[in-house]
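Reviewing the structure listed below.
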Amino acid sequence: MTDLLVIMAGVLFNFILYLAFGSLILYKKGSETSMPVRIVTGFFCYYSVFFVFCLPVMKFYRPLSMLTSIWTAVVVIVIALSLFLDHKVFIGDIKRIIEKLTNEPVFFVIFLILLIFQIVVTALTYNFTLDAAYYVAGVSTNIDTNMINVYDPFTGAWQDHFEMRYFFATYPVQDAVVCQLTGISPLIWTKSVMSMTIIILINLIYYLIVNKLFCDDSKAKIISLAMILFINLTFNTIYTSSTFLFTRTYEGKTIAGNIAILFIFYMFIAINDGSEPGRSRLILFLTCLGASTVSSTANMLIPVEMTVLFIPLIIRKRLYKMIPGYLLCILPGIILALAFVLYVKGYFVFYTYPR
């Protein structure tokens with residue numbers, strides 16, 4: 001029972017953080033962005049900002065506790081600023097949620113049932129991959145040694161240099177920071193709190209997409225959400241994102257393959273039909289950057305998706321002013337992918353001790 005309360009509190013606090021970061025970065029006096037968009041944008045903003053603070057602490061061999069202290073201060077400042085600037089918007093969010101629940105009660109009840117079903121499926125799915133062990137072991141090792149990615153999670157042995165595949169993907173380090181700060185078990189945080197958080201985030205994006213496609217047609221939205229769930233359950237092969245969604249939910253690849261890709265697709269739909277939210281270019285950039293700091297897979301995946309979706313859109317609608325924004329969005333993935341290639345070819349290495 002205690003663990004369940006901890007999990008629920010952890011998930012709630014995650015969404016408060018994401019909403020605070022999203023509301024602050026998208027704040028514009030006199031205009032509002034929908035809560036789901038601010039939450040998802042805040043998620044990627046959160047990990048983008050964490051990346052900026054984590055990288056130098058890790059590179060210069062500083063302890064995890066230093067990063068925990070720095071990051072706690074950053075989070076407190078962001079939440080305080082967000083509440084100060086956007087408190088009226090938060091009140092408006094609550095009113096809009098109540099209004100939507102009143103207007104479409106059947107849709108939201110079914111949406112909640114589908115969401116709970118996915119959470120249960122995820123909780124009951126046994127995961128035996130090496131990557132799954134790596135995530136939990138990596139967080140535990142960082143906490144136990146009070147260092148960041150210096151020791152091998154599988155053996156506990158000191159590593160001569162940082163593995164570039166994981167060096168820029170600082171998503172698991174944030175889990176270690178939270179666990180060190182709160183005392184929550186790495187196993188509970190990674191496999192329960194983050195899994196539930198990611199499932200809810202993904203379903204928020206499903207809601208955004210079907211709401212954009214079907215507007216006020218509740219029946220069509222319900223059918224669409226049910227079909228999405230059916231596809232995810234039946235396309236459970238090694239080649240689809242559905243496998244990662246239900247069996248490797250808390251891993252970076254799941255975020256890249258389910259959250260980042262779908263949110264960029266939602267932004268594409270919104271820009272294509274002229275109903276894009278405010279600061280759409282900033283939203284796209286943070287999504288692309290945040291995805292790259294979560295998983296190295298995104299370094300290839302996101303530039304390809306951005307190119308496939310937005311180059312034809314730019315040409316077809318003659319939105320040539322979007323080209324600099326498009327280039328900026330694909331830049332993080334290209335830079336980090338190039339860094340990995342140079343590392344593999346032996347052009348540089350980051351050692352885990354001063355030289």
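So you can find residues: chains in the structure tokens are A, B, ... in the order shown, residues in each start at 1, and ligands are numbered from 1 in order.
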
Quick one: residues within 8 Å of stretch 291-298 of chain A, only C-alpha atoms counted, chain neighbours fewer than 2 positions away excluded, as an NGL selection string? :A and (44 or 47-48 or 51 or 165-166 or 168-171 or 252-253 or 255-257 or 260 or 287-289 or 300-302 or 332-333 or 336-337)

Env of A:Ser218: 10 Å cut, atoms = only C-alpha atoms, seq-sep filter 3 positions within chain, self excluded. Answer as a PyMOL selection string. chain A and resi 104-108+210-211+214-215+221-224

Let me see the file: selected residues, N, CA and C atoms, as an mmCIF file, in the first residue's frame.
data_model
loop_
_atom_site.group_PDB
_atom_site.id
_atom_site.type_symbol
_atom_site.label_atom_id
_atom_site.label_comp_id
_atom_site.auth_asym_id
_atom_site.auth_seq_id
_atom_site.Cartn_x
_atom_site.Cartn_y
_atom_site.Cartn_z
ATOM 1 N N GLU A 104 -18.544 16.027 -22.222
ATOM 2 C CA GLU A 104 -18.294 14.725 -22.848
ATOM 3 C C GLU A 104 -17.993 13.663 -21.780
ATOM 4 N N PRO A 105 -18.924 13.403 -20.883
ATOM 5 C CA PRO A 105 -18.643 12.460 -19.785
ATOM 6 C C PRO A 105 -18.352 11.039 -20.257
ATOM 7 N N VAL A 106 -19.101 10.568 -21.258
ATOM 8 C CA VAL A 106 -18.923 9.196 -21.749
ATOM 9 C C VAL A 106 -17.527 9.022 -22.353
ATOM 10 N N PHE A 107 -17.115 9.991 -23.149
ATOM 11 C CA PHE A 107 -15.803 9.916 -23.785
ATOM 12 C C PHE A 107 -14.697 9.830 -22.740
ATOM 13 N N PHE A 108 -14.754 10.668 -21.731
ATOM 14 C CA PHE A 108 -13.682 10.704 -20.741
ATOM 15 C C PHE A 108 -13.707 9.489 -19.812
ATOM 16 N N VAL A 210 -6.592 12.699 -31.864
ATOM 17 C CA VAL A 210 -7.979 12.374 -32.229
ATOM 18 C C VAL A 210 -8.889 13.591 -32.036
ATOM 19 N N ASN A 211 -8.574 14.426 -31.065
ATOM 20 C CA ASN A 211 -9.357 15.643 -30.872
ATOM 21 C C ASN A 211 -9.163 16.595 -32.042
ATOM 22 N N PHE A 214 -11.047 14.766 -35.183
ATOM 23 C CA PHE A 214 -12.501 14.553 -35.134
ATOM 24 C C PHE A 214 -13.268 15.623 -34.361
ATOM 25 N N CYS A 215 -12.557 16.620 -33.843
ATOM 26 C CA CYS A 215 -13.181 17.782 -33.189
ATOM 27 C C CYS A 215 -14.214 17.372 -32.146
ATOM 28 N N LYS A 221 -13.963 9.755 -31.779
ATOM 29 C CA LYS A 221 -12.775 9.814 -30.926
ATOM 30 C C LYS A 221 -12.632 8.551 -30.090
ATOM 31 N N ILE A 222 -13.755 8.053 -29.575
ATOM 32 C CA ILE A 222 -13.724 6.817 -28.778
ATOM 33 C C ILE A 222 -13.270 5.640 -29.631
ATOM 34 N N ILE A 223 -13.844 5.533 -30.830
ATOM 35 C CA ILE A 223 -13.476 4.441 -31.746
ATOM 36 C C ILE A 223 -11.992 4.525 -32.100
ATOM 37 N N SER A 224 -11.508 5.736 -32.348
ATOM 38 C CA SER A 224 -10.102 5.923 -32.715
ATOM 39 C C SER A 224 -9.175 5.507 -31.586
#

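Of the residues listed (A:Thr41, A:Asn299, A:Phe350, A:Leu24), A:Asn299 shows the shortest atom-to-atom separation from A:Leu338; distances use only C-alpha atoms.
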
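Neighbours of A:Pro354 closer than or equal to 10 Å, with only C-alpha atoms counted and sequence neighbours fewer than 5 positions away skipped, come out as Lys59, Phe60 and Tyr61 of chain A.
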
Keeping only C-alpha atoms, write the selected residues as a compact mmCIF listing (two decimals), in the first residue's frame.
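Result saved to out.txt:
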# COMPACT_ATOMS: atom_id res chain seq x y z
CA LYS A 59 32.22 15.30 -17.70
CA PHE A 60 34.29 16.87 -14.91
CA TYR A 61 33.89 13.89 -12.54

What's around A:Arg281 at 9 Å? Count only C-alpha atoms, leave out sequence neighbours fewer than 5 positions away in its own chain, and write the answer as a ChimeraX atom specification. /A:286,322,325-326,329

Got a sec: who's within 9 Å of A:Val150, counting only C-alpha atoms, leaving out chain neighbours fewer than 5 positions off, as number ranges by chain? A: 58, 61, 141-142, 145, 157-162, 352-353

For the residues in the current selection, export N, CA and C atoms as a compact mmCIF listing (two decimals), in the first residue's frame.
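This went into out13.txt:
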# COMPACT_ATOMS: atom_id res chain seq x y z
N MET A 58 28.91 15.65 -15.04
CA MET A 58 29.38 14.30 -15.37
C MET A 58 30.76 14.34 -16.02
N TYR A 61 33.73 14.87 -13.62
CA TYR A 61 33.89 13.89 -12.54
C TYR A 61 33.36 14.37 -11.19
N THR A 141 23.57 2.04 -9.47
CA THR A 141 25.02 2.20 -9.39
C THR A 141 25.41 3.65 -9.18
N ASN A 142 24.75 4.56 -9.89
CA ASN A 142 25.05 5.99 -9.71
C ASN A 142 24.76 6.45 -8.29
N THR A 145 27.38 4.73 -5.75
CA THR A 145 28.76 5.24 -5.87
C THR A 145 28.82 6.76 -5.77
N ALA A 157 32.44 -2.57 -11.98
CA ALA A 157 33.84 -2.23 -12.24
C ALA A 157 33.96 -0.80 -12.75
N TRP A 158 35.06 -0.15 -12.40
CA TRP A 158 35.33 1.20 -12.89
C TRP A 158 35.56 1.17 -14.41
N GLN A 159 34.98 2.13 -15.12
CA GLN A 159 35.12 2.22 -16.56
C GLN A 159 36.19 3.26 -16.90
N ASP A 160 37.05 2.91 -17.82
CA ASP A 160 38.15 3.80 -18.20
C ASP A 160 37.63 5.09 -18.84
N HIS A 161 36.53 4.98 -19.61
CA HIS A 161 36.00 6.16 -20.30
C HIS A 161 34.48 6.06 -20.37
N PHE A 162 33.85 7.18 -20.66
CA PHE A 162 32.41 7.20 -20.80
C PHE A 162 32.00 6.57 -22.12
N THR A 352 37.00 8.90 -17.66
CA THR A 352 36.24 9.05 -16.41
C THR A 352 37.14 9.52 -15.26
N TYR A 353 38.28 10.09 -15.59
CA TYR A 353 39.18 10.62 -14.57
C TYR A 353 40.02 11.74 -15.22

For A:Thr33, the closest of A:Asp86, A:Thr237, A:Phe13, A:Phe285 counting only C-alpha atoms is A:Asp86

Please identify which residues in stretch 167-327 of chain A DSSP calls alpha helix (DSSP H) from the backbone, and express them as JSON, numbers by chain. {"A": [167, 171, 172, 173, 174, 175, 176, 177, 178, 179, 180, 181, 182, 186, 187, 188, 194, 195, 196, 197, 198, 199, 200, 201, 202, 203, 204, 205, 206, 207, 208, 209, 210, 211, 212, 213, 214, 218, 219, 220, 221, 222, 223, 224, 225, 226, 227, 228, 229, 230, 231, 232, 233, 234, 241, 242, 243, 244, 245, 246, 247, 252, 253, 254, 261, 262, 263, 264, 265, 266, 267, 268, 269, 270, 271, 272, 280, 281, 282, 283, 284, 285, 286, 287, 288, 289, 290, 291, 292, 293, 294, 298, 299, 300, 301, 302, 303, 304, 305, 306, 307, 308, 309, 310, 311, 312, 313, 314, 315, 316, 317, 323, 324, 325, 326, 327]}

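Distances here use only C-alpha atoms; by that measure, the residue among A:Thr72, A:Ser34, A:Thr243, A:Gln118 closest to A:Asp93 is A:Ser34.
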
Which residues come within 9 Å of A:Val177, counting only C-alpha atoms, excluding same-chain residues fewer than 6 positions away, as a ChimeraX atom specification? /A:64-65,67-69,71-72,139,142-143

Next, write the just-selected residues to a file, as a short mmCIF file (atom, residue, chain, number, x, y, z; two decimals), in the first residue's frame, keeping C-alpha atoms as the atom set.
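File written: part.cif
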data_model
loop_
_atom_site.label_atom_id
_atom_site.label_comp_id
_atom_site.auth_asym_id
_atom_site.auth_seq_id
_atom_site.Cartn_x
_atom_site.Cartn_y
_atom_site.Cartn_z
CA LEU A 64 25.88 12.87 -8.23
CA SER A 65 25.02 14.72 -5.01
CA LEU A 67 23.98 17.52 -9.52
CA THR A 68 21.10 16.70 -7.17
CA SER A 69 21.63 19.95 -5.25
CA TRP A 71 18.87 20.43 -10.04
CA THR A 72 16.71 20.81 -6.93
CA VAL A 139 20.38 4.27 -11.58
CA ASN A 142 25.05 5.99 -9.71
CA ILE A 143 23.31 6.33 -6.35
#

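You will find atom CA of A:Ala123 at 20.3 Å from atom CA of A:Tyr206.
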
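Counting from atom CA of A:Ser140, the distance to atom CA of A:Pro186 is 6.1 Å.
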
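The coordinates place atom CA of A:Val193 at 6.0 Å from atom CA of A:Gly10.
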